[in-house]
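Visitor: Take this structure, written in structure tokens, and hold onto it; I'll ask about it next.
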Amino acid sequence: MAQGGLQVLGLGLALAGWGALVAATVLPQWQTSSFAGDSIITAVATYQGLWMACASQSTGQLQCKSYDSILALPGYMQATRALMVVSGVLGLLALGLAVVGMKCTRCGDDDPRRKAGTAAAGGGLFLLSGVEGLGVPHPRFCVRVPPPRYEFGTAIFVGWAGAALAMLGGAMLACSCPGGGGHGRAYPRSKAPGPQPPSNREYV
């Protein structure tokens, strides 16, 4: 019962983390324009994401434009896109393995140990997905010189939180696999000697 509850809690945390990583990947607020120290007050705020750049005006109007060429982007942004995409794909694979290996599901193998091993494998992939998401952003996302200067945007903090949840949930799933101590190979019990047949000497 405790193992099943640990699996459910781990899957819930990992799923929330994976969703946050996917959301961070598509959000455009990876870099936000910083006006610290500027004497000119501007009514336009600019955002740069992994897939598009946006401009927000004081009237609330938001205009976004996708990047024309992937190869024209800086190297750190291309690397970040690759890491986040890999993180999302690993999380999807981990979700499938974890659901199949859950103790409360009836899909896949009926052997409890094999199902626990499958759930642990899904947890390992969730851990790897979180590590991939935690490996970004590159420090260049923070400040650029000369102006315009940029600082960390909302998407980065969402990605960090998602990576932490994915790693925590993945660790719980990995720990739900029964270890070798006390649950190893079962050896057949030695049979107690049964009653011996009466010897012919008793009737002599």
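Starting from 1 in every chain, residues are counted up; chains themselves are A, B, ... following the order of the structure tokens, and ligands are numbered from 1 as listed.
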Identify, on the basis of only C-alpha atoms, every residue whose closest approach to Gly117 in chain A does not exceed 9 Å; exclude the query and any residue fewer than 2 positions from it along the same chain; express the result as a list of chain:residue names.
Guide: A:Gly101, A:Pro112, A:Arg113, A:Arg114, A:Lys115, A:Ala119, A:Ala120, A:Ala121, A:Gly122, A:Ala174, A:Ser176, A:Cys177, A:Pro178
Visitor: So that I can see what lies close to range 77-86 of chain A, please list as a PyMOL selection string the residues with an atom at most 6 Å from it, counting only C-alpha atoms and leaving out residues fewer than 2 positions away in the same chain.
Guide: chain A and resi 74-75+88-89+132-133
Visitor: Export C-alpha atoms of the chosen residues as a short mmCIF file (atom, residue, chain, number, x, y, z; two decimals), in the first residue's frame?
Guide:
```cif
data_model
loop_
_atom_site.label_atom_id
_atom_site.label_comp_id
_atom_site.auth_asym_id
_atom_site.auth_seq_id
_atom_site.Cartn_x
_atom_site.Cartn_y
_atom_site.Cartn_z
CA PRO A 74 22.80 32.75 -31.22
CA GLY A 75 24.44 29.46 -30.31
CA GLY A 88 9.95 17.31 -23.15
CA VAL A 89 10.41 14.14 -25.20
CA GLU A 132 18.03 18.58 -19.01
CA GLY A 133 15.63 21.36 -18.05
#
```
Visitor: Do you know which residues are at most 8 Å from range 102-104 of chain A counting only C-alpha atoms, after dropping those on the same chain fewer than 2 positions away, and could you put them as a PyMOL selection string?
Guide: chain A and resi 3-4+7-8+98-100+106+112+115-116+119
Visitor: So that I can check the surroundings of Leu27 in chain A, please list as a ChimeraX atom specification every protein, DNA and RNA residue that reaches within 12 Å of it, counting only C-alpha atoms and ignoring chain neighbours fewer than 4 positions away.
Guide: /A:20-23,31-32,47-54,64,81,84,153-159
Visitor: Report the residues of range 9-74 of chain A whose backbone DSSP state falls under helix (DSSP H, G or I), written as JSON, numbers by chain.
Guide: {"A": [9, 10, 11, 12, 13, 14, 15, 16, 17, 18, 19, 20, 21, 22, 23, 24, 25, 26]}
Visitor: Between A:Ala55, A:Leu168, A:Leu125, A:Val26, which is the closest to Gly10 in chain A once you count only C-alpha atoms?
Guide: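 Comparing A:Ala55, A:Leu168, A:Leu125, A:Val26 against Gly10 in chain A, the winner is A:Leu168.
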